[in-house]
$ cat work-v5.pdb   # PDB, C-alpha atoms
ATOM      1  CA  MET A  20      44.895 -42.231  19.144
ATOM      2  CA  SER A  21      41.402 -40.742  18.900
ATOM      3  CA  ALA A  22      39.137 -41.932  16.080
ATOM      4  CA  ASN A  23      38.563 -38.394  14.894
ATOM      5  CA  GLY A  24      42.259 -37.580  14.943
ATOM      6  CA  ILE A  25      41.968 -34.628  17.319
ATOM      7  CA  SER A  26      44.307 -36.020  19.926
ATOM      8  CA  THR A  27      47.049 -36.416  17.321
ATOM      9  CA  LEU A  28      46.638 -33.055  15.525
ATOM     10  CA  ILE A  29      49.864 -31.124  15.963
ATOM     11  CA  GLU A  30      51.259 -27.772  14.905
ATOM     12  CA  GLY A  31      54.940 -27.041  14.539
ATOM     13  CA  ASP A  32      57.152 -29.876  15.686
ATOM     14  CA  GLY A  33      54.622 -31.094  18.243
ATOM     15  CA  SER A  34      56.890 -30.534  21.208
ATOM     16  CA  ASP A  35      54.960 -27.632  22.722
ATOM     17  CA  ALA A  36      51.610 -28.613  24.243
ATOM     18  CA  THR A  37      50.559 -24.962  24.600
ATOM     19  CA  ALA A  38      51.173 -24.287  20.924
ATOM     20  CA  ASN A  39      49.004 -27.296  20.051
ATOM     21  CA  LYS A  40      46.037 -26.101  22.079
ATOM     22  CA  GLU A  41      44.688 -23.800  19.406
ATOM     23  CA  ALA A  42      45.029 -26.415  16.678
ATOM     24  CA  ARG A  43      43.120 -28.983  18.764
ATOM     25  CA  GLN A  44      40.350 -26.469  19.446
ATOM     26  CA  ILE A  45      40.066 -25.624  15.750
ATOM     27  CA  ALA A  46      39.756 -29.316  14.935
ATOM     28  CA  LYS A  47      36.956 -29.698  17.459
ATOM     29  CA  LEU A  48      35.038 -26.740  16.042
ATOM     30  CA  ASN A  49      35.417 -27.976  12.498
ATOM     31  CA  LEU A  50      34.306 -31.450  13.533
ATOM     32  CA  ALA A  51      31.174 -29.926  15.037
ATOM     33  CA  GLN A  52      30.513 -28.048  11.810
ATOM     34  CA  THR A  53      30.912 -31.229   9.742
ATOM     35  CA  ARG A  54      28.357 -32.947  11.949
ATOM     36  CA  ARG A  55      25.894 -30.061  11.510
ATOM     37  CA  GLN A  56      26.331 -30.173   7.738
ATOM     38  CA  ALA A  57      25.535 -33.896   7.866
ATOM     39  CA  GLY A  58      22.224 -33.106   9.624
ATOM     40  CA  GLY A  59      23.046 -33.104  13.309
ATOM     41  CA  ASP A  60      23.641 -30.388  15.894
ATOM     42  CA  THR A  61      21.633 -27.786  13.964
ATOM     43  CA  THR A  62      20.919 -25.541  16.928
ATOM     44  CA  ALA A  63      24.424 -24.105  17.368
ATOM     45  CA  THR A  64      24.496 -21.817  14.335
ATOM     46  CA  TYR A  65      26.816 -19.214  15.784
ATOM     47  CA  TYR A  66      29.879 -21.116  14.571
ATOM     48  CA  ARG A  67      29.209 -20.297  10.909
ATOM     49  CA  SER A  68      27.148 -17.093  10.836
ATOM     50  CA  LEU A  69      29.969 -14.864   9.614
ATOM     51  CA  ASN A  70      33.122 -16.603  10.646
ATOM     52  CA  VAL A  71      35.037 -19.747   9.840
ATOM     53  CA  TYR A  72      37.978 -21.263  11.530
ATOM     54  CA  ASN A  73      41.695 -21.131  11.023
ATOM     55  CA  ARG A  74      41.574 -24.009   8.534
ATOM     56  CA  ILE A  75      38.745 -24.758   6.137
ATOM     57  CA  TYR A  76      38.521 -27.637   3.735
ATOM     58  CA  LEU A  77      38.021 -27.520   0.011
ATOM     59  CA  PRO A  78      34.575 -28.637  -1.267
ATOM     60  CA  GLU A  79      33.925 -32.347  -0.959
ATOM     61  CA  ALA A  80      31.120 -34.665   0.042
ATOM     62  CA  TYR A  81      29.819 -34.632   3.598
ATOM     63  CA  ASN A  82      30.446 -37.571   5.934
ATOM     64  CA  THR A  83      33.855 -38.268   4.466
ATOM     65  CA  ASP A  84      36.702 -39.502   6.576
ATOM     66  CA  PRO A  85      38.272 -36.441   8.279
ATOM     67  CA  ALA A  86      41.672 -37.830   7.355
ATOM     68  CA  THR A  87      40.874 -37.174   3.686
ATOM     69  CA  HIS A  88      40.003 -33.501   4.122
ATOM     70  CA  VAL A  89      42.309 -31.067   2.363
ATOM     71  CA  TRP A  90      43.090 -28.060   4.518
ATOM     72  CA  TYR A  91      44.705 -24.704   3.840
ATOM     73  CA  LEU A  92      45.668 -21.755   5.980
ATOM     74  CA  VAL A  93      43.297 -18.805   5.839
ATOM     75  CA  GLY A  94      43.257 -16.528   8.840
ATOM     76  CA  ARG A  95      44.024 -16.526  12.541
ATOM     77  CA  PRO A  96      41.948 -17.048  14.492
ATOM     78  CA  TRP A  97      38.819 -15.873  12.609
ATOM     79  CA  PHE A  98      38.027 -14.136   9.387
ATOM     80  CA  ASP A  99      34.956 -12.806   7.583
ATOM     81  CA  THR A 100      33.715 -15.257   4.984
ATOM     82  CA  SER A 101      32.393 -12.482   2.737
ATOM     83  CA  ALA A 102      35.891 -11.064   2.423
ATOM     84  CA  ALA A 103      37.471 -14.446   1.928
ATOM     85  CA  LEU A 104      35.037 -16.074  -0.459
ATOM     86  CA  SER A 105      33.676 -13.213  -2.572
ATOM     87  CA  THR A 106      36.595 -11.236  -3.949
ATOM     88  CA  PRO A 107      38.426 -11.279  -7.293
ATOM     89  CA  PHE A 108      41.243 -13.139  -5.541
ATOM     90  CA  THR A 109      39.097 -16.071  -4.490
ATOM     91  CA  LEU A 110      36.533 -16.241  -7.287
ATOM     92  CA  VAL A 111      39.110 -16.996  -9.989
ATOM     93  CA  GLU A 112      41.419 -19.940  -9.325
ATOM     94  CA  SER A 113      44.403 -18.431 -11.170
ATOM     95  CA  ALA A 114      44.008 -14.959  -9.642
ATOM     96  CA  SER A 115      47.322 -15.063  -7.793
ATOM     97  CA  THR A 116      49.131 -14.726 -11.121
ATOM     98  CA  SER A 117      46.546 -13.414 -13.608
ATOM     99  CA  LEU A 118      44.840 -10.714 -11.523
ATOM    100  CA  GLN A 119      46.926  -7.729 -12.576
ATOM    101  CA  ILE A 120      44.680  -4.813 -11.578
ATOM    102  CA  TRP A 121      42.214  -4.372  -8.761
ATOM    103  CA  TYR A 122      41.204  -0.818  -7.903
ATOM    104  CA  ASP A 123      38.523  -0.694  -5.226
ATOM    105  CA  GLY A 124      36.884   2.681  -4.639
ATOM    106  CA  ALA A 125      35.187   1.416  -1.488
ATOM    107  CA  ASP A 126      38.481   0.664   0.270
ATOM    108  CA  ILE A 127      39.715   3.928   1.792
ATOM    109  CA  THR A 128      43.025   2.337   2.751
ATOM    110  CA  GLN A 129      44.009   1.987  -0.922
ATOM    111  CA  PHE A 130      44.646   5.651  -1.677
ATOM    112  CA  GLN A 131      47.289   8.286  -1.331
ATOM    113  CA  PRO A 132      47.025  10.476   0.601
ATOM    114  CA  THR A 133      46.131   7.848   3.180
ATOM    115  CA  ASN A 134      42.471   7.894   4.235
ATOM    116  CA  PRO A 135      41.460  10.852   2.021
ATOM    117  CA  GLN A 136      38.677  13.231   2.951
ATOM    118  CA  ASP A 137      35.495  13.594   0.934
ATOM    119  CA  ALA A 138      36.167  15.458  -2.354
ATOM    120  CA  GLU A 139      39.937  15.388  -1.769
ATOM    121  CA  GLY A 140      42.173  14.868  -4.798
ATOM    122  CA  ILE A 141      44.048  11.578  -4.829
ATOM    123  CA  THR A 142      47.707  11.251  -5.745
ATOM    124  CA  GLN A 143      47.573   7.467  -6.137
ATOM    125  CA  TRP A 144      44.975   4.707  -6.429
ATOM    126  CA  ASN A 145      46.631   1.598  -5.033
ATOM    127  CA  ASP A 146      46.347  -1.734  -6.778
ATOM    128  CA  LYS A 147      45.089  -4.540  -4.514
ATOM    129  CA  SER A 148      46.458  -7.304  -6.745
ATOM    130  CA  ASN A 149      49.761  -9.026  -6.012
ATOM    131  CA  PHE A 150      51.625  -6.743  -8.392
ATOM    132  CA  ALA A 151      51.181  -3.157  -7.122
ATOM    133  CA  HIS A 152      50.280  -1.649 -10.488
ATOM    134  CA  ASN A 153      49.306   1.594  -8.834
ATOM    135  CA  ALA A 154      47.643   4.386 -10.817
ATOM    136  CA  ASN A 155      48.906   7.973 -10.596
ATOM    137  CA  PRO A 156      47.732  11.311 -12.057
ATOM    138  CA  GLU A 157      48.509  11.705 -15.750
ATOM    139  CA  GLY A 158      49.121  15.247 -16.998
ATOM    140  CA  THR A 159      50.524  18.554 -15.812
ATOM    141  CA  PRO A 160      50.469  20.205 -13.429
ATOM    142  CA  ALA A 161      49.896  17.054 -11.383
ATOM    143  CA  ASN A 162      47.918  18.834  -8.671
ATOM    144  CA  LEU A 163      45.246  19.884 -11.199
ATOM    145  CA  VAL A 164      44.646  16.522 -12.888
ATOM    146  CA  ARG A 165      43.726  14.485  -9.831
ATOM    147  CA  PRO A 166      40.378  12.706  -9.613
ATOM    148  CA  THR A 167      38.671  13.037  -6.250
ATOM    149  CA  TYR A 168      37.660  10.594  -3.559
ATOM    150  CA  GLN A 169      33.922  10.752  -2.892
ATOM    151  CA  THR A 170      32.343   9.156   0.160
ATOM    152  CA  ALA A 171      28.974   7.354   0.308
ATOM    153  CA  GLU A 172      28.203   7.826  -3.384
ATOM    154  CA  GLN A 173      26.730   4.436  -4.317
ATOM    155  CA  ASN A 174      25.161   1.930  -1.928
ATOM    156  CA  SER A 175      26.839   3.933   0.854
ATOM    157  CA  LEU A 176      30.241   3.104  -0.673
ATOM    158  CA  SER A 177      32.916   5.523  -1.792
ATOM    159  CA  VAL A 178      34.001   5.984  -5.416
ATOM    160  CA  VAL A 179      36.523   7.977  -7.462
ATOM    161  CA  GLU A 180      35.167  10.929  -9.438
ATOM    162  CA  PHE A 181      36.642  12.257 -12.694
ATOM    163  CA  ASP A 182      35.724  15.790 -13.778
ATOM    164  CA  GLY A 183      35.608  15.292 -17.553
ATOM    165  CA  SER A 184      38.046  18.150 -18.027
ATOM    166  CA  ASN A 185      41.557  16.948 -17.227
ATOM    167  CA  ASP A 186      41.387  14.230 -14.540
ATOM    168  CA  CYS A 187      43.248  11.097 -15.579
ATOM    169  CA  LEU A 188      45.280   8.283 -14.017
ATOM    170  CA  SER A 189      48.144   6.364 -15.589
ATOM    171  CA  ILE A 190      49.470   2.900 -14.774
ATOM    172  CA  ASN A 191      53.230   2.494 -14.922
ATOM    173  CA  PRO A 192      55.220   0.317 -15.515
ATOM    174  CA  ILE A 193      53.170  -1.350 -18.206
ATOM    175  CA  ALA A 194      55.335  -4.186 -19.562
ATOM    176  CA  TRP A 195      52.892  -6.742 -18.112
ATOM    177  CA  ALA A 196      50.224  -5.565 -20.626
ATOM    178  CA  GLU A 197      52.406  -5.816 -23.723
ATOM    179  CA  SER A 198      52.097  -8.727 -26.144
ATOM    180  CA  ILE A 199      49.548 -10.650 -24.081
ATOM    181  CA  GLY A 200      47.220 -12.994 -25.904
ATOM    182  CA  ALA A 201      44.158 -12.540 -23.698
ATOM    183  CA  TYR A 202      42.592 -10.407 -21.003
ATOM    184  CA  THR A 203      39.302  -9.859 -19.188
ATOM    185  CA  MET A 204      38.557  -6.400 -17.839
ATOM    186  CA  PHE A 205      35.715  -5.302 -15.547
ATOM    187  CA  PHE A 206      34.621  -1.713 -14.830
ATOM    188  CA  VAL A 207      31.885  -0.428 -12.545
ATOM    189  CA  ALA A 208      31.233   3.162 -13.581
ATOM    190  CA  LYS A 209      28.673   5.930 -14.031
ATOM    191  CA  PHE A 210      28.718   8.486 -16.843
ATOM    192  CA  ASP A 211      27.594  11.912 -15.674
ATOM    193  CA  ASN A 212      26.540  12.729 -19.225
ATOM    194  CA  THR A 213      26.142  10.852 -22.487
ATOM    195  CA  VAL A 214      27.373  13.603 -24.813
ATOM    196  CA  GLY A 215      30.837  13.591 -26.348
ATOM    197  CA  THR A 216      33.543  10.966 -25.997
ATOM    198  CA  ASP A 217      34.251   9.777 -22.446
ATOM    199  CA  THR A 218      37.087   7.267 -22.093
ATOM    200  CA  LEU A 219      37.200   4.789 -19.236
ATOM    201  CA  SER A 220      40.453   3.132 -20.343
ATOM    202  CA  ALA A 221      42.892   3.135 -23.251
ATOM    203  CA  THR A 222      46.568   2.850 -24.060
ATOM    204  CA  ASP A 223      48.622   4.978 -26.417
ATOM    205  CA  THR A 224      48.250   2.112 -28.926
ATOM    206  CA  ASN A 225      44.439   1.980 -28.413
ATOM    207  CA  ASP A 226      44.567  -1.405 -26.732
ATOM    208  CA  PHE A 227      42.238  -2.004 -23.756
ATOM    209  CA  LEU A 228      39.857   0.593 -25.191
ATOM    210  CA  LEU A 229      36.562   1.110 -23.332
ATOM    211  CA  ARG A 230      34.627   4.315 -23.860
ATOM    212  CA  ASN A 231      31.343   6.059 -24.485
ATOM    213  CA  ASN A 232      31.741   7.534 -27.972
ATOM    214  CA  GLY A 233      28.768   9.881 -27.583
ATOM    215  CA  THR A 234      26.130   7.445 -28.789
ATOM    216  CA  GLU A 235      27.265   3.918 -27.874
ATOM    217  CA  ILE A 236      29.863   1.955 -25.916
ATOM    218  CA  GLU A 237      33.018   1.193 -27.882
ATOM    219  CA  VAL A 238      35.706  -1.376 -27.142
ATOM    220  CA  GLY A 239      38.834  -2.085 -29.092
ATOM    221  CA  THR A 240      42.369  -3.198 -29.706
ATOM    222  CA  ALA A 241      45.082  -1.445 -31.687
ATOM    223  CA  SER A 242      43.788  -2.852 -34.978
ATOM    224  CA  GLY A 243      40.018  -3.064 -34.608
ATOM    225  CA  THR A 244      37.064  -1.750 -32.612
ATOM    226  CA  GLY A 245      33.563  -2.917 -31.847
ATOM    227  CA  ILE A 246      30.591  -0.638 -31.142
ATOM    228  CA  THR A 247      27.262  -1.485 -29.517
ATOM    229  CA  SER A 248      23.982  -0.676 -31.229
ATOM    230  CA  LEU A 249      20.892   0.832 -29.589
ATOM    231  CA  LEU A 250      22.334   0.378 -26.120
ATOM    232  CA  GLY A 251      20.599   3.440 -24.721
ATOM    233  CA  LEU A 252      23.292   5.271 -22.752
ATOM    234  CA  ASN A 253      22.232   6.758 -19.427
ATOM    235  CA  THR A 254      23.704   8.204 -16.239
ATOM    236  CA  ALA A 255      23.174   5.207 -13.928
ATOM    237  CA  TYR A 256      25.836   2.879 -12.552
ATOM    238  CA  HIS A 257      26.605  -0.113 -14.766
ATOM    239  CA  TYR A 258      29.220  -2.823 -14.860
ATOM    240  CA  TYR A 259      31.104  -3.468 -18.094
ATOM    241  CA  THR A 260      33.026  -6.623 -18.981
ATOM    242  CA  VAL A 261      35.491  -6.735 -21.883
ATOM    243  CA  ARG A 262      36.986 -10.091 -22.892
ATOM    244  CA  TYR A 263      39.758 -10.486 -25.464
ATOM    245  CA  ASP A 264      40.975 -13.859 -26.720
ATOM    246  CA  GLY A 265      43.651 -13.704 -29.403
ATOM    247  CA  THR A 266      43.323 -17.416 -30.150
ATOM    248  CA  ALA A 267      39.740 -17.084 -31.430
ATOM    249  CA  SER A 268      38.935 -17.102 -35.132
ATOM    250  CA  SER A 269      36.849 -13.970 -35.779
ATOM    251  CA  ASN A 270      36.267 -10.417 -34.551
ATOM    252  CA  ALA A 271      33.111 -11.417 -32.690
ATOM    253  CA  ASN A 272      34.881 -14.257 -30.892
ATOM    254  CA  ARG A 273      38.089 -12.403 -30.164
ATOM    255  CA  LEU A 274      36.527  -9.318 -28.591
ATOM    256  CA  LYS A 275      33.362  -9.405 -26.511
ATOM    257  CA  LEU A 276      31.470  -6.862 -24.425
ATOM    258  CA  ARG A 277      28.969  -7.497 -21.668
ATOM    259  CA  VAL A 278      26.936  -4.788 -19.927
ATOM    260  CA  ASP A 279      25.271  -5.586 -16.608
ATOM    261  CA  GLY A 280      25.856  -9.278 -17.188
ATOM    262  CA  GLY A 281      24.385  -9.451 -20.682
ATOM    263  CA  ASP A 282      26.254 -10.034 -23.940
ATOM    264  CA  LYS A 283      26.120  -7.139 -26.417
ATOM    265  CA  ALA A 284      26.379  -7.452 -30.185
ATOM    266  CA  LEU A 285      29.182  -5.361 -31.671
ATOM    267  CA  ASP A 286      29.577  -3.752 -35.071
ATOM    268  CA  PHE A 287      33.267  -4.032 -35.951
ATOM    269  CA  THR A 288      35.588  -1.700 -37.787
ATOM    270  CA  GLY A 289      38.951  -3.137 -38.820
ATOM    271  CA  THR A 290      40.230  -6.514 -37.702
ATOM    272  CA  VAL A 291      40.719  -7.331 -34.049
ATOM    273  CA  VAL A 292      44.277  -8.591 -33.877
ATOM    274  CA  GLY A 293      44.411 -12.355 -33.715
ATOM    275  CA  SER A 294      47.556 -12.876 -31.712
ATOM    276  CA  ALA A 295      48.261 -10.452 -28.877
ATOM    277  CA  THR A 296      48.101  -6.881 -27.695
ATOM    278  CA  SER A 297      50.691  -4.397 -28.906
ATOM    279  CA  GLY A 298      54.277  -4.923 -27.874
ATOM    280  CA  SER A 299      55.039  -1.202 -27.638
ATOM    281  CA  ILE A 300      52.543   0.097 -25.072
ATOM    282  CA  THR A 301      53.954   3.013 -23.084
ATOM    283  CA  LYS A 302      50.787   4.344 -21.389
ATOM    284  CA  PHE A 303      47.742   2.682 -19.901
ATOM    285  CA  ASN A 304      45.347   5.435 -18.853
ATOM    286  CA  ILE A 305      42.224   5.378 -16.717
ATOM    287  CA  GLY A 306      39.829   8.274 -17.281
ATOM    288  CA  CYS A 307      41.302   9.503 -20.575
ATOM    289  CA  ASP A 308      42.597   8.087 -23.831
ATOM    290  CA  GLY A 309      46.218   7.275 -24.621
ATOM    291  CA  ALA A 310      46.805  10.771 -25.972
ATOM    292  CA  GLY A 311      45.589  12.418 -22.762
ATOM    293  CA  SER A 312      42.244  13.629 -24.144
ATOM    294  CA  ASN A 313      38.565  12.557 -24.312
ATOM    295  CA  PHE A 314      38.340  12.735 -20.534
ATOM    296  CA  PHE A 315      35.839  10.690 -18.564
ATOM    297  CA  ASP A 316      33.129  12.649 -16.761
ATOM    298  CA  GLY A 317      31.692  10.512 -13.988
ATOM    299  CA  GLN A 318      32.502   8.042 -11.239
ATOM    300  CA  ILE A 319      34.490   4.814 -11.220
ATOM    301  CA  ALA A 320      33.656   2.429  -8.394
ATOM    302  CA  GLU A 321      35.847  -0.586  -9.125
ATOM    303  CA  ILE A 322      38.203  -1.946 -11.795
ATOM    304  CA  VAL A 323      39.330  -5.558 -12.048
ATOM    305  CA  MET A 324      41.542  -6.974 -14.804
ATOM    306  CA  PHE A 325      42.920 -10.447 -15.494
ATOM    307  CA  THR A 326      45.518 -11.284 -18.140
ATOM    308  CA  GLU A 327      43.558 -14.280 -19.344
ATOM    309  CA  ALA A 328      40.291 -14.908 -21.176
ATOM    310  CA  LEU A 329      38.148 -15.962 -18.237
ATOM    311  CA  SER A 330      35.608 -18.734 -18.557
ATOM    312  CA  THR A 331      31.909 -17.946 -18.594
ATOM    313  CA  GLU A 332      31.645 -19.262 -15.046
ATOM    314  CA  ASP A 333      34.471 -17.050 -13.768
ATOM    315  CA  ILE A 334      33.060 -13.997 -15.545
ATOM    316  CA  THR A 335      29.640 -14.600 -14.030
ATOM    317  CA  ASP A 336      31.167 -15.001 -10.566
ATOM    318  CA  VAL A 337      33.097 -11.730 -10.784
ATOM    319  CA  GLU A 338      30.091  -9.905 -12.223
ATOM    320  CA  SER A 339      27.931 -11.210  -9.377
ATOM    321  CA  TYR A 340      30.483  -9.941  -6.884
ATOM    322  CA  LEU A 341      30.491  -6.484  -8.529
ATOM    323  CA  SER A 342      26.739  -6.196  -8.971
ATOM    324  CA  SER A 343      26.026  -7.262  -5.393
ATOM    325  CA  ARG A 344      28.248  -4.442  -4.134
ATOM    326  CA  TRP A 345      27.375  -1.628  -6.496
ATOM    327  CA  ILE A 346      24.189  -2.071  -8.506
TER     328      ILE A 346
END

$ encode --input "work-v5.pdb" --output "structure tokens"
Amino acid sequence: MSANGISTLIEGDGSDATANKEARQIAKLNLAQTRRQAGGDTTATYYRSLNVYNRIYLPEAYNTDPATHVWYLVGRPWFDTSAALSTPFTLVESASTSLQIWYDGADITQFQPTNPQDAEGITQWNDKSNFAHNANPEGTPANLVRPTYQTAEQNSLSVVEFDGSNDCLSINPIAWAESIGAYTMFFVAKFDNTVGTDTLSATDTNDFLLRNNGTEIEVGTASGTGITSLLGLNTAYHYYTVRYDGTASSNANRLKLRVDGGDKALDFTGTVVGSATSGSITKFNIGCDGAGSNFFDGQIAEIVMFTEALSTEDITDVESYLSSRWI
């Protein structure tokens, strides 16, 4: 048996030497990387420039016994570290169950019709989370209320454009959003004007409310809203973070808004419900309010939503991911 364990590394039942060849090679490459991280073999940087190997270990001190490394399956045989390590899925530990919405305007594969053309109306914005909460046009006739796919709009990335007249998307089914005690919602968006009421998201019960009310940004639940003061609305791209925690003890602690990574003070009207969102939500709209009005005029680049009150660290990580792509 080799001291580094390579000669005994097996895959499957160990009976097929050919099948074990790849596993042994991966172990050798990872061993070389561990040595480089410890200070040796620094000239061969090509191993880790953009790629990692079929198994990577969770963070732990260098120079530990290889037998103690914890490994998990990632890709085969290579994968891009930027895709693996900097997405909503990987930045939040509980994302496999709490990431309920992820709409990515830069991913052309996540639309219907498939691979849309520039300025083409979309019939569905696919959800990249584990739950397929896809968004479809809301209103009639359906062919006239479709937002459009726009290529190379921000940082050479594509976005979804809403016309401010009747474009709106609706998420259905919506039972997952009813009676939940916490959520954290992220939007990257650009208002094409700052006049009138432009709604980024809302339900028919006014939960998950995020909008420009004509002078400020407003967020809210069914029972209470909070409005920024002296924000200075403009027509640039910004990222907005809304965090609701029904277990907190006051309006200011239950409902929070961040803009471009900074906390914003809110002036509250009513009482932000201290238990959970409404249990009778029937519509969750993107680009208009729950009544199908106050349409959003502008572009949405990305939407990410978790059904938990994320920690400050997780929020900062997701915001960094969004800002590095879009701002």

$ closest_residue --input "work-v5.pdb" --among "A:Ser198, A:Ser189, A:Thr331, A:Thr296" --to "A:Gly239" --atoms "only C-alpha atoms"
A:Thr296

$ residues_around --input "work-v5.pdb" --residues "A:Ala320" --least-positions-apart "5" --cutoff "9 Å" --atoms "all atoms listed in the file" --output "NGL selection string"
:A and (122-125 or 173 or 176-180 or 206-209 or 256 or 345)

$ residues_around --input "work-v5.pdb" --residues "A:Gly309" --least-positions-apart "2" --cutoff "7 Å" --atoms "all atoms listed in the file" --output "list in words"
Ala221, Thr222, Asp223, Asn225, Lys302, Phe303, Asn304, Cys307 and Gly311 of chain A

$ resolve_selection --input "work-v5.pdb" --expression "the PyMOL selection byres ((chain A and resi 164) around 6)" --output "ChimeraX atom specification"
/A:161-163,165,185-186

$ residues_near_point --input "work-v5.pdb" --point "(42.7, 10.2, 0.8)" --cutoff "12 Å" --atoms "all atoms listed in the file" --output "PyMOL selection string"
chain A and resi 124-145+165-170+177-179

$ atom_distance --input "work-v5.pdb" --atom1 "atom CA of A:Ser117" --atom2 "atom CA of A:Val278"
22.3 Å

$ atom_distance --input "work-v5.pdb" --atom1 "atom CA of A:Leu285" --atom2 "atom CA of A:Ala328"
18.0 Å

$ atom_distance --input "work-v5.pdb" --atom1 "atom CA of A:Ile193" --atom2 "atom CA of A:Gly158"
17.1 Å

$ closest_residue --input "work-v5.pdb" --among "A:Asp226, A:Glu235, A:Glu338, A:Glu112" --to "A:Lys283" --atoms "all atoms listed in the file"
A:Glu235

$ resolve_selection --input "work-v5.pdb" --expression "the PyMOL selection byres ((chain A and resi 191) around 12)" --output "number ranges by chain"
A: 120, 143, 145-146, 150-157, 188-190, 192-196, 222, 300-305

$ closest_residue --input "work-v5.pdb" --among "A:Leu219, A:Ile246, A:Ala310, A:Val261" --to "A:Thr326" --atoms "all atoms listed in the file"
A:Val261

$ residues_near_point --input "work-v5.pdb" --point "(41.7, -15.9, -34.7)" --cutoff "10 Å" --atoms "all atoms listed in the file" --output "list of chain:residue names"
A:Asp264, A:Gly265, A:Thr266, A:Ala267, A:Ser268, A:Ser269, A:Asn270, A:Ala271, A:Asn272, A:Arg273, A:Thr290, A:Val291, A:Val292, A:Gly293, A:Ser294

$ write_last_selection --input "work-v5.pdb" --atoms "C-alpha atoms" --output "PDB file, in the coordinates of the input"
ATOM      1  CA  ASP A 264      40.975 -13.859 -26.720  1.00  0.00           C
ATOM      2  CA  GLY A 265      43.651 -13.704 -29.403  1.00  0.00           C
ATOM      3  CA  THR A 266      43.323 -17.416 -30.150  1.00  0.00           C
ATOM      4  CA  ALA A 267      39.740 -17.084 -31.430  1.00  0.00           C
ATOM      5  CA  SER A 268      38.935 -17.102 -35.132  1.00  0.00           C
ATOM      6  CA  SER A 269      36.849 -13.970 -35.779  1.00  0.00           C
ATOM      7  CA  ASN A 270      36.267 -10.417 -34.551  1.00  0.00           C
ATOM      8  CA  ALA A 271      33.111 -11.417 -32.690  1.00  0.00           C
ATOM      9  CA  ASN A 272      34.881 -14.257 -30.892  1.00  0.00           C
ATOM     10  CA  ARG A 273      38.089 -12.403 -30.164  1.00  0.00           C
ATOM     11  CA  THR A 290      40.230  -6.514 -37.702  1.00  0.00           C
ATOM     12  CA  VAL A 291      40.719  -7.331 -34.049  1.00  0.00           C
ATOM     13  CA  VAL A 292      44.277  -8.591 -33.877  1.00  0.00           C
ATOM     14  CA  GLY A 293      44.411 -12.355 -33.715  1.00  0.00           C
ATOM     15  CA  SER A 294      47.556 -12.876 -31.712  1.00  0.00           C
TER      16      SER A 294
END

$ residues_around --input "work-v5.pdb" --residues "A:Asp286" --least-positions-apart "6" --cutoff "8 Å" --atoms "all atoms listed in the file" --output "count of residues only"
4

$ resolve_selection --input "work-v5.pdb" --expression "the PyMOL selection byres ((chain A and resi 218) around 9)" --output "list in words"
Thr216, Asp217, Leu219, Ser220, Ala221, Leu228, Leu229, Arg230, Asn231, Asn232, Ile305, Gly306, Cys307, Asp308, Ser312, Asn313, Phe314, Phe315 and Asp316 of chain A

$ closest_residue --input "work-v5.pdb" --among "A:Gly317, A:Gly215, A:Gly183, A:Gly200" --to "A:Ala255" --atoms "all atoms listed in the file"
A:Gly317

$ closest_residue --input "work-v5.pdb" --among "A:Thr109, A:Asn253, A:Asn174, A:Ser299" --to "A:Val214" --atoms "all atoms listed in the file"
A:Asn253
